[in-house]
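target_16.txt follows (compact mmCIF, C-alpha atoms):
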# COMPACT_ATOMS: atom_id res chain seq x y z
CA MET J 1 60.20 42.93 -28.69
CA ASP J 2 57.31 40.66 -29.48
CA ASN J 3 55.94 38.73 -26.50
CA LYS J 4 54.71 35.97 -28.76
CA GLN J 5 58.31 34.92 -29.27
CA GLU J 6 58.32 33.58 -25.69
CA MET J 7 56.01 30.80 -26.76
CA PRO J 8 57.75 27.48 -27.39
CA GLN J 9 56.09 26.85 -30.73
CA ILE J 10 57.11 28.84 -33.76
CA PRO J 11 54.34 29.38 -36.34
CA GLU J 12 54.55 27.05 -39.31
CA ALA J 13 54.67 29.74 -41.96
CA VAL J 14 57.15 32.33 -40.83
CA LYS J 15 58.06 35.08 -43.25
CA PRO J 16 61.81 35.66 -43.76
CA GLU J 17 61.53 39.14 -42.19
CA ASP J 18 59.93 37.68 -39.06
CA LYS J 19 62.70 35.13 -38.75
CA VAL J 20 65.36 37.81 -38.92
CA LYS J 21 63.47 39.72 -36.23
CA ALA J 22 63.35 36.57 -34.13
CA GLU J 23 67.17 36.36 -34.18
CA ASN J 24 67.48 38.69 -31.22
CA ILE J 25 64.80 37.07 -29.10
CA THR J 26 65.99 34.60 -26.52
CA SER J 27 63.13 32.14 -26.42
CA SER J 28 62.90 29.41 -23.82
CA GLN J 29 63.77 26.89 -26.54
CA THR J 30 67.08 28.57 -27.39
CA GLN J 31 67.77 28.98 -23.66
CA MET J 32 67.28 25.26 -23.05
CA LEU J 33 69.35 24.45 -26.12
CA LEU J 34 72.11 26.73 -24.86
CA GLU J 35 72.38 24.67 -21.68
CA ILE J 36 72.61 21.48 -23.77
CA GLN J 37 75.20 23.11 -26.04
CA ARG J 38 77.20 24.22 -23.00
CA LEU J 39 77.26 20.74 -21.45
CA GLU J 40 77.85 18.97 -24.75
CA PHE J 41 80.75 21.26 -25.54
CA THR J 42 82.33 20.25 -22.24
CA ALA J 43 81.82 16.61 -23.24
CA ILE J 44 83.29 17.13 -26.75
CA GLU J 45 86.35 18.90 -25.39
CA LEU J 46 86.97 16.22 -22.74
CA ASN J 47 86.29 13.46 -25.29
CA LEU J 48 89.01 14.72 -27.65
CA TYR J 49 91.41 15.17 -24.74
CA LEU J 50 90.70 11.64 -23.47
CA ASP J 51 91.35 10.21 -26.94
CA THR J 52 95.02 11.12 -26.51
CA HIS J 53 95.11 10.93 -22.66
CA PRO J 54 93.09 7.79 -21.87
CA ASN J 55 94.76 7.36 -18.46
CA ASP J 56 93.84 10.77 -17.08
CA GLN J 57 91.49 9.76 -14.26
CA LYS J 58 90.49 13.32 -13.35
CA ALA J 59 89.43 14.14 -16.90
CA LEU J 60 87.58 10.85 -17.19
CA SER J 61 85.58 11.37 -14.00
CA LEU J 62 84.76 14.91 -15.14
CA TYR J 63 83.56 13.48 -18.47
CA ASN J 64 81.47 10.86 -16.69
CA SER J 65 79.95 13.52 -14.44
CA VAL J 66 78.85 15.62 -17.45
CA VAL J 67 77.00 12.70 -19.10
CA PRO J 68 74.05 12.45 -16.63
CA GLN J 69 73.71 16.25 -16.53
CA LEU J 70 73.54 16.34 -20.32
CA LYS J 71 71.03 13.47 -20.41
CA LYS J 72 68.83 15.29 -17.92
CA CYS J 73 68.82 18.49 -19.96
CA ILE J 74 68.10 16.60 -23.19
CA GLU J 75 65.18 14.80 -21.54
CA ALA J 76 63.68 18.07 -20.27
CA TYR J 77 64.14 19.69 -23.67
CA GLU J 78 62.56 16.78 -25.56
CA GLN J 79 59.48 16.83 -23.33
CA ARG J 80 58.79 20.41 -24.38
CA PHE J 81 60.11 20.65 -27.91
CA GLY J 82 60.13 17.11 -29.31
CA PRO J 83 62.91 14.71 -30.23
CA LEU J 84 66.50 15.96 -30.48
CA PHE J 85 67.65 12.64 -32.00
CA HIS J 86 66.26 10.34 -34.71
CA PHE J 87 66.76 6.66 -35.62
CA GLY J 88 65.56 5.22 -32.34
CA MET J 89 67.54 7.47 -30.02
CA SER J 90 64.46 9.46 -28.86
CA THR J 91 60.77 8.64 -28.57
CA SER J 92 58.06 10.84 -30.09
CA GLN J 93 54.58 11.89 -29.08
CA TYR J 94 51.70 11.48 -31.57
CA PRO J 95 51.84 12.56 -34.34
CA TRP J 96 55.51 11.97 -35.33
CA GLN J 97 57.31 15.05 -33.99
CA TRP J 98 60.73 14.72 -35.62
CA ILE J 99 59.76 16.61 -38.79
CA ASN J 100 58.47 19.65 -36.90
CA SER J 101 60.04 23.09 -37.34
CA PRO J 102 62.16 24.83 -36.35
CA TRP J 103 65.18 23.12 -37.87
CA PRO J 104 68.55 24.24 -36.49
CA TRP J 105 69.32 26.66 -39.34
CA ASP J 106 65.99 28.45 -38.80
CA LEU J 107 66.21 28.77 -35.03
CA MET U 1 77.01 5.12 -38.58
CA TRP U 2 76.02 8.61 -37.64
CA VAL U 3 73.06 9.97 -35.71
CA TYR U 4 71.81 13.52 -36.28
CA GLN U 5 71.15 15.92 -33.43
CA LYS U 6 68.52 18.51 -34.28
CA LYS U 7 70.64 21.40 -33.04
CA LEU U 8 73.88 23.22 -33.81
CA GLU U 9 77.09 22.65 -31.84
CA TYR U 10 77.21 26.42 -31.24
CA PRO U 11 74.31 28.86 -31.67
CA VAL U 12 74.40 31.00 -34.81
CA ARG U 13 72.92 34.47 -34.86
CA VAL U 14 73.36 37.19 -37.43
CA SER U 15 72.58 40.90 -37.07
CA GLY U 16 70.80 40.91 -40.44
CA PRO U 17 71.18 40.03 -44.10
CA ASN U 18 74.76 40.54 -45.30
CA PRO U 19 75.48 38.93 -48.68
CA LYS U 20 78.94 40.53 -48.87
CA LEU U 21 80.02 38.71 -45.71
CA ALA U 22 78.29 35.51 -46.88
CA LYS U 23 80.35 35.60 -50.08
CA VAL U 24 83.67 35.30 -48.20
CA ILE U 25 82.44 32.94 -45.47
CA ILE U 26 81.45 30.33 -48.07
CA THR U 27 85.14 29.42 -48.27
CA GLN U 28 84.87 27.59 -44.96
CA TYR U 29 82.00 25.56 -46.45
CA GLY U 30 83.51 24.46 -49.76
CA GLY U 31 86.92 26.10 -50.07
CA PRO U 32 90.24 24.21 -49.90
CA ASP U 33 90.65 24.64 -46.13
CA GLY U 34 86.95 24.52 -45.29
CA GLU U 35 84.92 22.20 -43.12
CA LEU U 36 83.89 19.81 -45.92
CA SER U 37 87.56 19.16 -46.69
CA ALA U 38 88.31 18.73 -42.99
CA SER U 39 85.51 16.28 -42.16
CA LEU U 40 86.01 14.13 -45.26
CA ARG U 41 89.80 14.10 -44.90
CA TYR U 42 89.75 12.88 -41.28
CA LEU U 43 86.92 10.38 -41.63
CA ASN U 44 88.60 8.91 -44.70
CA GLN U 45 92.07 8.63 -43.15
CA ARG U 46 90.84 6.58 -40.16
CA TYR U 47 91.03 3.23 -41.93
CA SER U 48 94.79 3.22 -42.45
CA MET U 49 95.76 4.44 -38.96
CA PRO U 50 97.85 1.98 -36.92
CA THR U 51 96.91 3.10 -33.37
CA ASP U 52 93.61 3.18 -31.50
CA LYS U 53 94.25 6.76 -30.36
CA ALA U 54 94.57 7.94 -33.97
CA LYS U 55 91.48 5.99 -35.09
CA GLY U 56 89.41 7.40 -32.23
CA LEU U 57 90.66 10.96 -32.64
CA LEU U 58 90.06 11.06 -36.42
CA THR U 59 86.55 9.70 -35.88
CA ASP U 60 85.75 12.32 -33.25
CA ILE U 61 87.36 15.35 -34.92
CA GLY U 62 85.91 14.29 -38.32
CA THR U 63 82.48 14.17 -36.70
CA GLU U 64 82.94 17.56 -35.04
CA GLU U 65 83.98 19.05 -38.40
CA MET U 66 80.67 17.89 -39.86
CA ALA U 67 78.96 19.91 -37.15
CA HIS U 68 81.17 22.88 -38.10
CA MET U 69 80.14 22.52 -41.75
CA GLU U 70 76.54 22.83 -40.55
CA ILE U 71 77.42 25.96 -38.57
CA VAL U 72 79.08 27.60 -41.60
CA ALA U 73 76.11 26.59 -43.78
CA THR U 74 73.76 28.19 -41.27
CA ILE U 75 75.76 31.44 -41.28
CA PHE U 76 75.61 31.62 -45.11
CA TYR U 77 71.92 30.70 -45.12
CA LYS U 78 71.03 33.36 -42.55
CA LEU U 79 73.16 36.07 -44.16
CA THR U 80 71.51 35.55 -47.57
CA ARG U 81 67.95 34.84 -46.38
CA GLY U 82 65.46 37.09 -48.14
CA VAL U 83 68.21 38.87 -50.12
CA SER U 84 67.06 39.93 -53.61
CA PRO U 85 68.86 38.81 -56.81
CA GLU U 86 69.97 42.45 -57.30
CA GLN U 87 71.51 42.55 -53.82
CA MET U 88 73.18 39.19 -54.40
CA GLN U 89 74.62 40.55 -57.65
CA ALA U 90 75.83 43.76 -55.97
CA ALA U 91 77.60 41.68 -53.30
CA GLY U 92 79.41 39.59 -55.89
CA LEU U 93 77.07 36.62 -55.50
CA GLY U 94 75.51 37.02 -58.98
CA GLY U 95 77.28 33.90 -60.17
CA HIS U 96 76.14 31.98 -57.12
CA TYR U 97 72.56 33.16 -57.65
CA ALA U 98 72.63 32.21 -61.34
CA GLN U 99 73.69 28.65 -60.57
CA HIS U 100 72.18 28.01 -57.15
CA ASN U 101 69.60 30.70 -56.32
CA HIS U 102 69.53 30.73 -52.47
CA ALA U 103 70.67 27.13 -52.16
CA LEU U 104 74.02 26.32 -50.59
CA PHE U 105 76.89 24.97 -52.60
CA TRP U 106 80.48 23.96 -51.82
CA SER U 107 82.65 26.56 -53.44
CA ASP U 108 85.25 29.13 -52.49
CA PRO U 109 84.50 32.91 -52.60
CA ASN U 110 85.60 32.99 -56.25
CA GLY U 111 83.04 30.36 -57.21
CA VAL U 112 85.57 27.55 -57.64
CA PRO U 113 83.72 24.36 -56.69
CA TRP U 114 85.04 21.92 -54.08
CA ILE U 115 87.27 19.16 -55.44
CA ALA U 116 88.58 15.98 -53.81
CA SER U 117 92.18 16.94 -54.57
CA TYR U 118 91.97 19.44 -51.68
CA VAL U 119 92.49 16.39 -49.43
CA GLN U 120 94.91 13.50 -49.39
CA ALA U 121 95.26 10.05 -47.87
CA THR U 122 98.69 8.55 -48.45
CA GLY U 123 98.26 5.56 -46.15
CA ASP U 124 101.39 6.71 -44.31
CA PRO U 125 100.10 7.70 -40.84
CA ILE U 126 102.98 10.16 -40.23
CA THR U 127 102.29 11.92 -43.53
CA ASP U 128 98.53 11.94 -43.05
CA LEU U 129 98.62 13.25 -39.47
CA THR U 130 101.11 15.93 -40.52
CA GLU U 131 98.71 16.97 -43.29
CA ASP U 132 95.93 17.13 -40.68
CA MET U 133 98.00 19.44 -38.48
CA ALA U 134 98.74 21.69 -41.47
CA ALA U 135 95.04 21.65 -42.38
CA GLU U 136 94.09 22.87 -38.90
CA GLN U 137 96.57 25.74 -39.18
CA LYS U 138 95.29 26.68 -42.65
CA ALA U 139 91.74 26.72 -41.30
CA ARG U 140 92.85 28.82 -38.33
CA SER U 141 94.47 31.37 -40.66
CA THR U 142 91.36 31.47 -42.82
CA TYR U 143 89.11 32.07 -39.82
CA GLU U 144 91.43 34.90 -38.75
CA HIS U 145 91.11 36.45 -42.21
CA LEU U 146 87.33 36.11 -42.03
CA ILE U 147 87.28 37.73 -38.57
CA GLN U 148 89.20 40.66 -40.10
CA LEU U 149 86.61 40.89 -42.89
CA SER U 150 83.54 40.51 -40.66
CA ASP U 151 81.42 43.59 -39.94
CA ASP U 152 78.82 41.63 -37.96
CA PRO U 153 79.73 41.05 -34.27
CA CYS U 154 77.30 38.11 -34.02
CA VAL U 155 79.05 36.34 -36.91
CA THR U 156 82.48 37.25 -35.53
CA ASP U 157 81.55 35.51 -32.27
CA VAL U 158 80.83 32.24 -34.13
CA LEU U 159 84.01 32.61 -36.23
CA ARG U 160 86.01 32.99 -33.01
CA PHE U 161 84.52 29.76 -31.65
CA LEU U 162 85.39 27.91 -34.88
CA ARG U 163 88.92 29.36 -34.87
CA GLU U 164 89.49 28.10 -31.32
CA ARG U 165 88.42 24.60 -32.29
CA GLU U 166 91.14 24.51 -34.98
CA VAL U 167 93.73 25.32 -32.30
CA VAL U 168 92.49 22.47 -30.07
CA HIS U 169 92.37 20.01 -32.98
CA PHE U 170 95.94 20.92 -33.96
CA GLN U 171 97.08 20.16 -30.42
CA ARG U 172 95.28 16.80 -30.33
CA PHE U 173 96.61 15.75 -33.76
CA GLY U 174 100.12 16.56 -32.55
CA GLU U 175 99.62 14.21 -29.60
CA ALA U 176 98.28 11.48 -31.88
CA LEU U 177 101.30 11.96 -34.17
CA ASN U 178 103.68 11.49 -31.20
CA ASP U 179 101.82 8.33 -30.27
CA VAL U 180 102.08 6.94 -33.82
CA GLN U 181 105.79 7.81 -33.94
CA ASN U 182 106.38 5.96 -30.65
CA TYR U 183 104.40 3.00 -31.95
CA LEU U 184 106.39 2.85 -35.18
CA SER U 185 109.77 3.20 -33.45
CA CYS U 186 108.90 0.37 -31.00
CA LYS U 187 107.84 -1.79 -33.92
CA LYS U 188 111.22 -1.34 -35.62
CA VAL U 189 113.02 -2.86 -32.58
CA PHE U 190 111.86 -6.39 -33.37
Structure re-expressed in structure tokens:
Amino acid sequence: MDNKQEMPQIPEAVKPEDKVKAENITSSQTQMLLEIQRLEFTAIELNLYLDTHPNDQKALSLYNSVVPQLKKCIEAYEQRFGPLFHFGMSTSQYPWQWINSPWPWDL
Amino acid sequence: MWVYQKKLEYPVRVSGPNPKLAKVIITQYGGPDGELSASLRYLNQRYSMPTDKAKGLLTDIGTEEMAHMEIVATIFYKLTRGVSPEQMQAAGLGGHYAQHNHALFWSDPNGVPWIASYVQATGDPITDLTEDMAAEQKARSTYEHLIQLSDDPCVTDVLRFLREREVVHFQRFGEALNDVQNYLSCKKVF
């Protein structure tokens, strides 16, 4: 295992072989994303359920309790790895960070 | 409108290049029961739905299916990354390579391109929601076939996640169908 993979930034020019090697490395970025994915999945599942059960108070309060947790995780992630959203939903440090690698299919 | 999130709904890892597996998985990208069909079908049917539950559910499931299309695309991309033309050819992806190189394209494993007639919108909410329920079952069956064909445990894990989502969507569409049926039968009273 390559220790360099623990660093948050992935080199700009990564050879295909290196990327495949990186698949098995759990970097801090993928760890933080995993927490976001976990919380957002809870939100998605409750959202669909609430669409057909809008009067279920328990499900609604669970949904509402996930939202601030998710926001907190997204904020912490964005401070380290740049914007997760575009079109005015996230701010960016200088220079414009949105275009930075890695894109989801390369992570 | 839609806003992009620079992440996948579920993490995708592969054990290594595997063009043979990529060749069959492409069906959930651009095959008849794939994620493109699903997302476009639901997002397009929203406009003629009579109830708020159905409008909301089609919006949300249609949006989730777009995220699933991205997951399937990522699997194909990772399984074919760095694979030589000869290896593509040997895995039955020679035709894909000739037309698309390593780019993605919406087709089924036999190279048949995606067509709009895979989906329907009749404007009859009962008919359309019933089609949606059938579509979820067809996608579930396809994911089960792909799980049988998969020789990469990392890919199988993602396929299992996607299969489960079809089961949940089927359940939710059934509830929306009941709601629409109640709405229509109440309407007939006066």
Mind running chain J against chain U at 9 Å and telling me each contacting residue's nearest atom pair with the distance in Å (one decimal), counting only C-alpha atoms, chain and number ascending, as CSV?
residue,atom,partner,partner_atom,distance
J:Pro16,CA,U:Gly82,CA,5.9
J:Glu17,CA,U:Gly82,CA,7.4
J:Val20,CA,U:Gly16,CA,6.4
J:Lys21,CA,U:Gly16,CA,8.5
J:Glu23,CA,U:Arg13,CA,6.1
J:Asn24,CA,U:Arg13,CA,7.8
J:Thr30,CA,U:Pro11,CA,8.4
J:Leu33,CA,U:Lys7,CA,7.7
J:Leu34,CA,U:Pro11,CA,7.5
J:Gln37,CA,U:Glu9,CA,6.1
J:Arg38,CA,U:Tyr10,CA,8.5
J:Glu40,CA,U:Glu9,CA,8.0
J:Phe41,CA,U:Glu9,CA,7.4
J:Ile44,CA,U:Glu64,CA,8.3
J:Glu45,CA,U:Val168,CA,8.5
J:Asn47,CA,U:Asp60,CA,8.1
J:Leu48,CA,U:Leu57,CA,6.5
J:Tyr49,CA,U:Arg172,CA,7.0
J:Asp51,CA,U:Lys53,CA,5.7
J:Thr52,CA,U:Lys53,CA,5.9
J:His53,CA,U:Lys53,CA,8.8
J:Pro54,CA,U:Lys53,CA,8.6
J:Pro83,CA,U:Lys6,CA,7.9
J:Leu84,CA,U:Lys6,CA,5.0
J:Phe85,CA,U:Gln5,CA,5.0
J:His86,CA,U:Tyr4,CA,6.6
J:Phe87,CA,U:Val3,CA,7.1
J:Met89,CA,U:Val3,CA,8.3
J:Trp98,CA,U:Lys6,CA,8.8
J:Trp103,CA,U:Lys6,CA,6.7
J:Pro104,CA,U:Lys7,CA,4.9
J:Trp105,CA,U:Thr74,CA,5.1
J:Asp106,CA,U:Lys78,CA,8.0
J:Leu107,CA,U:Val12,CA,8.5
*asked:* Calculated over all atoms listed in the file, which of the candidates U:Arg46, U:Lys138, U:His96, U:Arg41 has the smallest distance to Val167 (chain U)?
replied: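 Among the listed residues, the smallest separation from Val167 (chain U) belongs to U:Lys138.
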*Nearest to Ser92 (chain J): which of J:Asn55, J:Gln79, J:Asn64, J:Ile36 is it, counting only C-alpha atoms?*
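Smallest distance to Ser92 (chain J) is found for J:Gln79.
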*Can you work out the spacing between CA of Val158 (chain U) and CA of Met133 (chain U) in Å, to one decimal?*
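Distance reported for this atom pair: 21.9 Å.
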*What is the CA of Trp114 (chain U)-CA of Pro32 (chain U) distance in Å, reported with one decimal?*
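These two atoms are separated by 7.1 Å.
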_Atom-to-atom span, CA of Glu65 (chain U) and CA of Tyr77 (chain J), Å_ =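 Atom-to-atom, CA of Glu65 (chain U) and CA of Tyr77 (chain J) are spaced 24.7 Å apart.
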*asked:* I need every residue sitting at most 12 Å from the point (82.9, 43.8, -42.1) (coordinates as in the file, all atoms listed in the file considered), written as an MDAnalysis selection string.
replied: chainID U and resid 15 18:25 145:156
Any chance you could export the current selection's C-alpha atoms as a PDB file, keeping the file's coordinate frame?
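result10.pdb written:
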ATOM      1  CA  SER U  15      72.580  40.900 -37.070  1.00  0.00           C
ATOM      2  CA  ASN U  18      74.760  40.540 -45.300  1.00  0.00           C
ATOM      3  CA  PRO U  19      75.480  38.930 -48.680  1.00  0.00           C
ATOM      4  CA  LYS U  20      78.940  40.530 -48.870  1.00  0.00           C
ATOM      5  CA  LEU U  21      80.020  38.710 -45.710  1.00  0.00           C
ATOM      6  CA  ALA U  22      78.290  35.510 -46.880  1.00  0.00           C
ATOM      7  CA  LYS U  23      80.350  35.600 -50.080  1.00  0.00           C
ATOM      8  CA  VAL U  24      83.670  35.300 -48.200  1.00  0.00           C
ATOM      9  CA  ILE U  25      82.440  32.940 -45.470  1.00  0.00           C
ATOM     10  CA  HIS U 145      91.110  36.450 -42.210  1.00  0.00           C
ATOM     11  CA  LEU U 146      87.330  36.110 -42.030  1.00  0.00           C
ATOM     12  CA  ILE U 147      87.280  37.730 -38.570  1.00  0.00           C
ATOM     13  CA  GLN U 148      89.200  40.660 -40.100  1.00  0.00           C
ATOM     14  CA  LEU U 149      86.610  40.890 -42.890  1.00  0.00           C
ATOM     15  CA  SER U 150      83.540  40.510 -40.660  1.00  0.00           C
ATOM     16  CA  ASP U 151      81.420  43.590 -39.940  1.00  0.00           C
ATOM     17  CA  ASP U 152      78.820  41.630 -37.960  1.00  0.00           C
ATOM     18  CA  PRO U 153      79.730  41.050 -34.270  1.00  0.00           C
ATOM     19  CA  CYS U 154      77.300  38.110 -34.020  1.00  0.00           C
ATOM     20  CA  VAL U 155      79.050  36.340 -36.910  1.00  0.00           C
ATOM     21  CA  THR U 156      82.480  37.250 -35.530  1.00  0.00           C
TER      22      THR U 156
END
*At most 12 Å from (95.3, 18.6, -45.4), file frame, only C-alpha atoms: which residues, as a PyMOL selection string?*
chain U and resi 32-42+44-45+116-122+127-139+170
